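Data block for query.cif (mmCIF, C-alpha atoms):
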```cif
data_entry
loop_
_atom_site.label_atom_id
_atom_site.label_comp_id
_atom_site.auth_asym_id
_atom_site.auth_seq_id
_atom_site.Cartn_x
_atom_site.Cartn_y
_atom_site.Cartn_z
CA MET T 1 0.00 0.00 0.00
CA ALA T 2 1.56 3.29 -1.05
CA ALA T 3 1.27 6.49 0.88
CA GLY T 4 -0.87 9.17 -0.67
CA ARG T 5 -0.85 12.92 -0.54
CA SER T 6 -3.44 14.77 1.44
CA SER T 7 -4.06 18.47 1.75
CA GLU T 8 -6.30 18.15 4.77
CA GLY T 9 -6.02 16.99 8.34
CA PRO T 10 -2.94 16.75 10.54
CA GLY T 11 -1.13 14.33 8.25
CA GLN T 12 2.07 15.46 6.58
CA GLU T 13 2.51 15.10 2.84
CA VAL T 14 4.84 12.25 2.03
CA ASP T 15 6.57 10.99 -1.08
CA PRO T 16 3.94 8.80 -2.79
CA SER T 17 6.65 6.60 -4.31
CA VAL T 18 7.77 5.40 -0.87
CA PRO T 19 5.47 2.87 0.76
CA VAL T 20 4.44 3.41 4.36
CA VAL T 21 3.89 -0.36 4.36
CA ALA T 22 6.51 -2.27 2.38
CA ALA T 23 5.97 -5.69 0.82
CA ASP T 24 8.11 -7.27 3.57
CA SER T 25 6.73 -5.24 6.50
CA HIS T 26 5.86 -7.09 9.69
CA TYR T 27 2.19 -7.21 10.64
CA LEU T 28 1.43 -7.49 14.34
CA SER T 29 -2.27 -7.61 13.44
CA ASP T 30 -3.75 -8.18 10.00
CA ALA T 31 -7.43 -7.34 9.62
CA GLY T 32 -7.47 -7.77 5.86
CA PRO T 33 -7.12 -5.53 2.82
CA ASP T 34 -10.05 -3.23 3.62
CA ALA T 35 -9.05 -2.40 7.20
CA PRO T 36 -7.27 0.79 8.28
CA VAL T 37 -3.52 0.27 8.66
CA LEU T 38 -1.62 1.71 11.62
CA VAL T 39 2.15 1.77 11.09
CA GLU T 40 4.68 2.51 13.83
CA PHE T 41 8.28 3.39 13.06
CA LEU T 42 10.06 2.31 16.23
CA ASP T 43 13.39 1.99 17.97
CA PHE T 44 13.59 -0.84 20.53
CA GLU T 45 16.00 1.21 22.69
CA CYS T 46 13.74 4.29 22.70
CA GLU T 47 12.06 4.90 26.07
CA ALA T 48 9.12 6.65 24.38
CA CYS T 49 8.62 3.57 22.20
CA ALA T 50 8.65 1.37 25.30
CA ALA T 51 6.03 3.69 26.83
CA ALA T 52 3.94 3.43 23.64
CA TYR T 53 4.25 -0.37 23.51
CA PRO T 54 1.44 -1.15 26.02
CA VAL T 55 -0.76 1.42 24.27
CA VAL T 56 -0.18 -0.29 20.91
CA GLU T 57 -0.92 -3.67 22.51
CA GLN T 58 -4.16 -2.29 23.97
CA ILE T 59 -5.15 -0.86 20.57
CA ARG T 60 -4.41 -4.21 18.92
CA GLU T 61 -6.69 -5.92 21.41
CA GLU T 62 -9.46 -3.31 21.26
CA TYR T 63 -9.56 -3.17 17.46
CA GLU T 64 -8.80 -6.83 16.74
CA GLY T 65 -10.21 -7.84 13.38
CA ARG T 66 -10.86 -4.21 12.39
CA LEU T 67 -7.37 -2.64 12.35
CA SER T 68 -4.10 -3.84 10.88
CA VAL T 69 -0.97 -2.89 12.85
CA VAL T 70 2.49 -2.86 11.27
CA ALA T 71 5.87 -2.37 12.97
CA ARG T 72 8.82 -0.92 11.05
CA TYR T 73 12.38 -0.47 12.28
CA PHE T 74 13.84 3.00 12.84
CA PRO T 75 16.99 2.55 14.96
CA LEU T 76 18.24 5.95 16.01
CA PRO T 77 21.99 6.62 15.79
CA GLY T 78 22.17 7.86 19.39
CA HIS T 79 21.14 4.44 20.70
CA ALA T 80 24.15 2.11 20.66
CA ASN T 81 22.09 -1.11 20.63
CA ALA T 82 19.04 -0.05 18.62
CA GLU T 83 20.41 -1.51 15.40
CA ASN T 84 21.58 -4.71 17.17
CA ALA T 85 18.09 -5.09 18.64
CA ALA T 86 16.42 -4.60 15.26
CA VAL T 87 18.78 -7.14 13.65
CA ALA T 88 17.98 -9.64 16.42
CA VAL T 89 14.24 -9.14 15.92
CA GLU T 90 14.61 -9.47 12.15
CA ALA T 91 16.67 -12.64 12.60
CA ALA T 92 13.90 -14.05 14.81
CA ALA T 93 11.32 -13.00 12.21
CA GLY T 94 12.99 -15.37 9.77
CA GLN T 95 11.77 -18.19 12.03
CA GLY T 96 8.29 -16.78 12.51
CA ALA T 97 9.14 -15.28 15.90
CA PHE T 98 8.96 -11.57 15.07
CA GLU T 99 6.30 -10.83 17.66
CA GLY T 100 7.92 -12.87 20.42
CA MET T 101 11.26 -11.10 20.01
CA TYR T 102 9.57 -7.70 19.56
CA GLN T 103 7.77 -8.19 22.88
CA ARG T 104 10.92 -9.42 24.59
CA MET T 105 12.88 -6.32 23.57
CA TYR T 106 10.38 -4.00 25.23
CA ALA T 107 9.95 -6.22 28.30
CA THR T 108 13.71 -6.11 28.92
CA GLN T 109 14.62 -2.63 27.66
CA ALA T 110 15.44 -1.35 31.17
CA GLN T 111 18.03 -4.15 31.42
CA TRP T 112 19.93 -3.43 28.20
CA GLY T 113 18.97 0.06 27.04
CA GLU T 114 21.43 2.95 27.29
CA GLN T 115 24.37 0.53 27.35
CA GLN T 116 27.33 1.51 25.18
CA GLU T 117 28.73 -2.01 24.77
CA SER T 118 27.03 -4.44 22.40
CA GLN T 119 24.10 -6.37 23.85
CA ALA T 120 24.03 -8.85 20.95
CA ASP T 121 24.95 -11.75 23.29
CA LEU T 122 22.00 -10.90 25.55
CA PHE T 123 19.69 -10.71 22.53
CA ARG T 124 20.95 -14.16 21.54
CA THR T 125 19.77 -15.51 24.92
CA PHE T 126 16.30 -14.17 24.09
CA ALA T 127 16.39 -16.24 20.89
CA VAL T 128 17.39 -19.30 22.94
CA ASP T 129 14.48 -18.62 25.34
CA LEU T 130 12.11 -18.43 22.36
CA GLY T 131 13.26 -21.87 21.25
CA LEU T 132 14.72 -20.71 17.94
CA ASP T 133 17.08 -22.75 15.80
CA MET T 134 20.27 -21.07 16.96
CA ALA T 135 22.39 -22.00 13.93
CA ALA T 136 19.79 -20.32 11.71
CA TYR T 137 19.50 -17.35 14.08
CA ASP T 138 23.29 -16.84 14.20
CA ALA T 139 23.49 -17.10 10.40
CA ALA T 140 20.70 -14.52 10.02
CA VAL T 141 22.37 -12.10 12.45
CA ALA T 142 25.65 -12.43 10.54
CA ASP T 143 23.98 -12.13 7.11
CA PRO T 144 24.39 -8.62 5.67
CA ALA T 145 20.89 -9.01 4.16
CA THR T 146 19.37 -8.88 7.67
CA LEU T 147 21.00 -5.53 8.41
CA ALA T 148 20.04 -4.34 4.92
CA ARG T 149 16.39 -5.23 5.66
CA VAL T 150 16.51 -3.05 8.81
CA GLY T 151 18.20 -0.33 6.77
CA ARG T 152 15.40 -0.32 4.17
CA ASP T 153 12.85 0.47 6.89
CA LEU T 154 15.11 3.24 8.21
CA THR T 155 15.59 4.73 4.74
CA ASP T 156 11.86 4.56 3.99
CA GLY T 157 11.14 6.27 7.30
CA GLN T 158 13.65 9.03 6.60
CA THR T 159 12.13 9.58 3.15
CA LEU T 160 8.68 9.72 4.76
CA GLY T 161 9.88 12.45 7.12
CA VAL T 162 10.28 10.34 10.25
CA GLN T 163 12.71 12.12 12.59
CA SER T 164 11.94 10.58 15.97
CA THR T 165 10.34 7.51 17.47
CA PRO T 166 7.70 6.43 17.83
CA THR T 167 6.16 7.90 14.67
CA PHE T 168 2.75 6.64 13.63
CA PHE T 169 1.04 6.63 10.25
CA LEU T 170 -2.60 5.71 9.69
CA ASP T 171 -3.64 4.85 6.14
CA GLY T 172 -0.48 6.47 4.83
CA GLN T 173 -0.80 9.76 6.73
CA ARG T 174 1.42 10.69 9.64
CA ILE T 175 -0.48 11.30 12.86
CA GLU T 176 0.71 14.16 15.04
CA LEU T 177 0.16 12.92 18.58
CA THR T 178 -0.18 14.90 21.76
CA SER T 179 -1.97 12.10 23.64
CA VAL T 180 -3.17 8.51 23.36
CA GLU T 181 -6.63 9.92 22.65
CA ASP T 182 -5.31 11.44 19.40
CA LEU T 183 -4.38 7.96 18.22
CA THR T 184 -7.68 6.34 19.13
CA ALA T 185 -9.61 9.29 17.65
CA ALA T 186 -7.77 8.88 14.35
CA ILE T 187 -8.48 5.13 14.34
CA GLU T 188 -12.15 5.69 15.13
CA ALA T 189 -12.39 8.25 12.31
CA ALA T 190 -10.73 5.84 9.86
CA LEU T 191 -13.15 3.07 10.86
CA ALA T 192 -16.15 5.41 10.57
CA GLU T 193 -15.11 6.30 7.00
CA ARG T 194 -15.39 2.62 6.09
CA GLU T 195 -18.90 2.11 7.47
#
```
Structure encoded using structure tokens:
Amino acid sequence: MAAGRSSEGPGQEVDPSVPVVAADSHYLSDAGPDAPVLVEFLDFECEACAAAYPVVEQIREEYEGRLSVVARYFPLPGHANAENAAVAVEAAAGQGAFEGMYQRMYATQAQWGEQQESQADLFRTFAVDLGLDMAAYDAAVADPATLARVGRDLTDGQTLGVQSTPTFFLDGQRIELTSVEDLTAAIEAALAERE
């Protein structure tokens, strides 16, 4: 689904050639082709993203079957382990464990966030805990294609005007948030348009 231009509402105009949802994007919830699509560009080391995580989980539960939710990587350069975390999640995704590793990163962020030394070994223990094939996980972490996949999300986000995390898009339009209510109001409006 490509982003569109809009001259109304709080959404920012974005380059229509860059998809807000890419062909290989990770769906946390998939309500089908006619449902509104909420996309979050996130950084697993970002404290604001960790604060938004339970809100996103609540929204997924509340709008189950009516709203698709997509997570895209946006590791910020000021976070020493954001890219490592995204690579670990992407490596887990190769074994169908995207959501499990995604959840684990936020559940443990206080343990590993803001560390300057690599936390890749800790992230590997998360993969062990999830029961992943560790030879395949290690190969995926080492594969330049895994980092390139994370980099494509980052580049798309930059092209779409993402400058901080979390940044949310709904149906291709960026949502300017001042509160959780802004997010739910936008979702409710998008659902109402489809009725």
Q. What do you get, as an MDAnalysis selection string, if you spell out every residue that the PyMOL selection byres ((chain T and resi 126) around 12) selects here?
A. chainID T and resid 85 88:89 91:92 97:98 100:108 119:125 127:134 137
With C-alpha atoms retained, could you export that selection as an mmCIF file, keeping the file's coordinate frame?
```
data_model
loop_
_atom_site.group_PDB
_atom_site.id
_atom_site.type_symbol
_atom_site.label_atom_id
_atom_site.label_comp_id
_atom_site.auth_asym_id
_atom_site.auth_seq_id
_atom_site.Cartn_x
_atom_site.Cartn_y
_atom_site.Cartn_z
ATOM 1 C CA ALA T 85 18.090 -5.090 18.640
ATOM 2 C CA ALA T 88 17.980 -9.640 16.420
ATOM 3 C CA VAL T 89 14.240 -9.140 15.920
ATOM 4 C CA ALA T 91 16.670 -12.640 12.600
ATOM 5 C CA ALA T 92 13.900 -14.050 14.810
ATOM 6 C CA ALA T 97 9.140 -15.280 15.900
ATOM 7 C CA PHE T 98 8.960 -11.570 15.070
ATOM 8 C CA GLY T 100 7.920 -12.870 20.420
ATOM 9 C CA MET T 101 11.260 -11.100 20.010
ATOM 10 C CA TYR T 102 9.570 -7.700 19.560
ATOM 11 C CA GLN T 103 7.770 -8.190 22.880
ATOM 12 C CA ARG T 104 10.920 -9.420 24.590
ATOM 13 C CA MET T 105 12.880 -6.320 23.570
ATOM 14 C CA TYR T 106 10.380 -4.000 25.230
ATOM 15 C CA ALA T 107 9.950 -6.220 28.300
ATOM 16 C CA THR T 108 13.710 -6.110 28.920
ATOM 17 C CA GLN T 119 24.100 -6.370 23.850
ATOM 18 C CA ALA T 120 24.030 -8.850 20.950
ATOM 19 C CA ASP T 121 24.950 -11.750 23.290
ATOM 20 C CA LEU T 122 22.000 -10.900 25.550
ATOM 21 C CA PHE T 123 19.690 -10.710 22.530
ATOM 22 C CA ARG T 124 20.950 -14.160 21.540
ATOM 23 C CA THR T 125 19.770 -15.510 24.920
ATOM 24 C CA ALA T 127 16.390 -16.240 20.890
ATOM 25 C CA VAL T 128 17.390 -19.300 22.940
ATOM 26 C CA ASP T 129 14.480 -18.620 25.340
ATOM 27 C CA LEU T 130 12.110 -18.430 22.360
ATOM 28 C CA GLY T 131 13.260 -21.870 21.250
ATOM 29 C CA LEU T 132 14.720 -20.710 17.940
ATOM 30 C CA ASP T 133 17.080 -22.750 15.800
ATOM 31 C CA MET T 134 20.270 -21.070 16.960
ATOM 32 C CA TYR T 137 19.500 -17.350 14.080
#
```
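From CA of Gln115 in chain T back to CA of Ala80 in chain T, the distance works out to 6.9 Å.
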Specify as a short mmCIF file (atom, residue, chain, number, x, y, z; two decimals) with C-alpha atoms, in the coordinates of the input each residue included when the PyMOL selection byres ((chain T and resi 62-76) around 9) is applied to this file.
```cif
data_model
loop_
_atom_site.label_atom_id
_atom_site.label_comp_id
_atom_site.auth_asym_id
_atom_site.auth_seq_id
_atom_site.Cartn_x
_atom_site.Cartn_y
_atom_site.Cartn_z
CA VAL T 21 3.89 -0.36 4.36
CA SER T 25 6.73 -5.24 6.50
CA HIS T 26 5.86 -7.09 9.69
CA TYR T 27 2.19 -7.21 10.64
CA LEU T 28 1.43 -7.49 14.34
CA SER T 29 -2.27 -7.61 13.44
CA ASP T 30 -3.75 -8.18 10.00
CA ALA T 31 -7.43 -7.34 9.62
CA GLY T 32 -7.47 -7.77 5.86
CA PRO T 33 -7.12 -5.53 2.82
CA ASP T 34 -10.05 -3.23 3.62
CA ALA T 35 -9.05 -2.40 7.20
CA PRO T 36 -7.27 0.79 8.28
CA VAL T 37 -3.52 0.27 8.66
CA LEU T 38 -1.62 1.71 11.62
CA VAL T 39 2.15 1.77 11.09
CA GLU T 40 4.68 2.51 13.83
CA PHE T 41 8.28 3.39 13.06
CA LEU T 42 10.06 2.31 16.23
CA ASP T 43 13.39 1.99 17.97
CA PHE T 44 13.59 -0.84 20.53
CA GLU T 45 16.00 1.21 22.69
CA CYS T 46 13.74 4.29 22.70
CA VAL T 56 -0.18 -0.29 20.91
CA GLU T 57 -0.92 -3.67 22.51
CA GLN T 58 -4.16 -2.29 23.97
CA ILE T 59 -5.15 -0.86 20.57
CA ARG T 60 -4.41 -4.21 18.92
CA GLU T 61 -6.69 -5.92 21.41
CA PRO T 77 21.99 6.62 15.79
CA GLY T 78 22.17 7.86 19.39
CA HIS T 79 21.14 4.44 20.70
CA ALA T 80 24.15 2.11 20.66
CA ASN T 81 22.09 -1.11 20.63
CA ALA T 82 19.04 -0.05 18.62
CA GLU T 83 20.41 -1.51 15.40
CA ASN T 84 21.58 -4.71 17.17
CA ALA T 85 18.09 -5.09 18.64
CA ALA T 86 16.42 -4.60 15.26
CA VAL T 150 16.51 -3.05 8.81
CA GLY T 151 18.20 -0.33 6.77
CA ARG T 152 15.40 -0.32 4.17
CA ASP T 153 12.85 0.47 6.89
CA LEU T 154 15.11 3.24 8.21
CA THR T 155 15.59 4.73 4.74
CA GLY T 157 11.14 6.27 7.30
CA GLN T 158 13.65 9.03 6.60
CA VAL T 162 10.28 10.34 10.25
CA GLN T 163 12.71 12.12 12.59
CA SER T 164 11.94 10.58 15.97
CA THR T 165 10.34 7.51 17.47
CA PRO T 166 7.70 6.43 17.83
CA ILE T 187 -8.48 5.13 14.34
CA LEU T 191 -13.15 3.07 10.86
#
```
Q) What separation in Å, quoted to one decimal, exists between CA of Glu90 in chain T and CA of Ser118 in chain T? A)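 Pair CA of Glu90 in chain T / CA of Ser118 in chain T returns 16.9 Å.
Put simply, CA of Glu193 in chain T is 11.6 Å away from CA of Asp171 in chain T.
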Q | Residue nearest Pro144 in chain T - candidates T:Val180, T:Ala185, T:Val87, T:Leu160, atoms counted: all atoms listed in the file | A | T:Val87
Need to verify the contact set: Leu183 in chain T, 10 Å, all atoms listed in the file, exclusion of same-chain residues closer than 6 positions in sequence. Can you return it as a compact mmCIF listing (two decimals) with C-alpha atoms, in the frame of the given file?
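part-v5.txt was written with the following content:
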```
# COMPACT_ATOMS: atom_id res chain seq x y z
CA LEU T 38 -1.62 1.71 11.62
CA VAL T 55 -0.76 1.42 24.27
CA VAL T 56 -0.18 -0.29 20.91
CA ILE T 59 -5.15 -0.86 20.57
CA PHE T 168 2.75 6.64 13.63
CA PHE T 169 1.04 6.63 10.25
CA LEU T 170 -2.60 5.71 9.69
CA ILE T 175 -0.48 11.30 12.86
CA GLU T 176 0.71 14.16 15.04
CA LEU T 177 0.16 12.92 18.58
CA ALA T 189 -12.39 8.25 12.31
```
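Proximity to Gln95 in chain T was assessed for T:Val20, T:Ala135, T:Ala48, T:Ala192 counting only C-alpha atoms; the smallest distance is recorded for T:Ala135.
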Q: Kindly indicate which residue among T:Glu188, T:Gly94, T:Glu47, T:Tyr53 lies nearest to Arg149 in chain T, using all atoms listed in the file for the distances.
A: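 Counting all atoms listed in the file, the residue closest to Arg149 in chain T is T:Gly94.
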